[in-house]
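Heads up: the structure comes next, in structure tokens.
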Amino acid sequence: MFRREGDNILVSIPVAVHEAVLGARLDVPSMDGPVKLRIPPGTQSGQRFRVSGRGAPTPAGGRGDLVVEVSLVLPSMVDERSKELIREFGRLNNADVRRDLPV
């Protein structure tokens with residue numbers, strides 16, 4: 001669950017689409033137990049957040065940081081109502097997310 005990078009501890013957390021879009025307050029695991037983290041609206045998959053002083057001990061007696069990486073989890077669309085809501089969301093938010101790709 002945890003990876004170490006120097007004095008920092010990295011953890012990846014799954015975040016649902018609605019939490020990433022609307023923002024959320026989540027309990028995130030740390031080496032010292034759960035910490036509260038505010039995920040702002042519009043959070044992207046792969047985005048990282050830093051919680052100061054919750055990482056590994058440093059040689060100077062301090063502590064590194066906990067680095068939380070968001071992993072967006074898409075729902076399994078099984079019912080028609082959910083599909084229609086996602087279609088409506090797509091119509092309302094129709095930005096071209098691939099506009100910068102050379103084609």
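Simple scheme: letters A, B, ... for chains in structure tokens order, numbers from 1 for residues in each chain, numbers from 1 for ligands in the order shown.
For segment 2-97 of chain A, backbone-based DSSP labels the following residues as helix (DSSP H, G or I): Val17, His18, Glu19, Ala20, Val21, Leu22, Glu80, Arg81, Ser82, Lys83, Glu84, Leu85, Ile86, Arg87, Glu88, Phe89, Gly90, Arg91 and Leu92 of chain A.
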| query | Do you know which residues are at most 9 Å from segment 62-76 of chain A counting only C-alpha atoms, after dropping those on the same chain fewer than 6 positions away, and could you put them as number ranges by chain? | reply | A: 6-17, 20, 28, 30-31, 37, 43-56
| said: Please compute the atom CA of Ile39 of chain A-atom CA of Arg25 of chain A distance, one decimal, in Å. | reply: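 So the answer is 6.0 Å.
For the pair atom CA of Lys83 of chain A and atom CA of His18 of chain A, the separation is 14.3 Å.
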| said: Just checking: using only C-alpha atoms, which residue out of A:Pro57, A:Asp100, A:Pro29, A:Ala95 ends up closest to Phe2 of chain A? | reply: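 Looking at the shortest contact to Phe2 of chain A, the residue is A:Pro29.
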| query | Could you work out how far atom CA of Arg4 of chain A lies from atom CA of Gly23 of chain A, giving the answer in Å with one decimal? | reply |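 Rounded to one decimal, the two atoms are 26.9 Å apart.
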| Residues of chain A in strand (DSSP E) according to DSSP, as a PyMOL selection string? | chain A and resi 2-5+8-16+24-28+35-39+48-51+66-73
Okay, now the selection with C-alpha atoms, as a JSON list (two decimals), in the first residue's frame?
[["chain", "number", "residue", "atom", "x", "y", "z"],
["A", 2, "PHE", "CA", 2.84, 2.41, 0.88],
["A", 3, "ARG", "CA", 5.92, 3.24, -1.17],
["A", 4, "ARG", "CA", 8.89, 5.19, 0.07],
["A", 5, "GLU", "CA", 10.67, 7.92, -1.92],
["A", 8, "ASN", "CA", 8.33, 10.77, 1.72],
["A", 9, "ILE", "CA", 5.73, 8.02, 1.88],
["A", 10, "LEU", "CA", 3.51, 7.61, -1.18],
["A", 11, "VAL", "CA", 0.05, 6.08, -1.16],
["A", 12, "SER", "CA", -2.43, 5.74, -4.02],
["A", 13, "ILE", "CA", -6.11, 6.12, -3.18],
["A", 14, "PRO", "CA", -9.13, 5.25, -5.30],
["A", 15, "VAL", "CA", -11.49, 8.18, -5.88],
["A", 16, "ALA", "CA", -14.95, 7.90, -7.44],
["A", 24, "ALA", "CA", -14.68, 15.41, -1.15],
["A", 25, "ARG", "CA", -13.17, 14.93, 2.28],
["A", 26, "LEU", "CA", -11.55, 11.51, 2.53],
["A", 27, "ASP", "CA", -9.86, 9.43, 5.21],
["A", 28, "VAL", "CA", -6.47, 8.48, 3.79],
["A", 35, "VAL", "CA", -5.64, 11.41, 8.06],
["A", 36, "LYS", "CA", -8.33, 13.68, 6.60],
["A", 37, "LEU", "CA", -7.62, 14.99, 3.11],
["A", 38, "ARG", "CA", -9.70, 17.47, 1.15],
["A", 39, "ILE", "CA", -9.95, 16.61, -2.53],
["A", 48, "ARG", "CA", -0.85, 14.32, -6.06],
["A", 49, "PHE", "CA", -1.51, 15.96, -2.72],
["A", 50, "ARG", "CA", 1.03, 16.46, 0.06],
["A", 51, "VAL", "CA", 0.36, 16.07, 3.78],
["A", 66, "LEU", "CA", 2.77, 11.76, 2.95],
["A", 67, "VAL", "CA", 2.16, 12.07, -0.78],
["A", 68, "VAL", "CA", -1.33, 10.96, -1.83],
["A", 69, "GLU", "CA", -1.87, 10.09, -5.50],
["A", 70, "VAL", "CA", -5.44, 10.00, -6.79],
["A", 71, "SER", "CA", -6.51, 7.02, -8.86],
["A", 72, "LEU", "CA", -9.84, 7.73, -10.54],
["A", 73, "VAL", "CA", -12.20, 4.74, -10.50]]
| request: Compile the contact shell of Leu22 of chain A as a VMD selection string: residues with an atom at most 7 Å away, counting only C-alpha atoms, same-chain residues fewer than 3 positions apart removed. | output: chain A and resid 18 to 19 41 to 42
Next, dump the selected residues to file, keeping only C-alpha atoms, as a PDB file, in the first residue's frame.
ATOM      1  CA  HIS A  18     -18.430  12.131  -8.345  1.00  0.00           C
ATOM      2  CA  GLU A  19     -15.812  12.770  -5.622  1.00  0.00           C
ATOM      3  CA  PRO A  41     -13.461  19.880  -7.170  1.00  0.00           C
ATOM      4  CA  GLY A  42     -11.998  19.018 -10.546  1.00  0.00           C
TER       5      GLY A  42
END
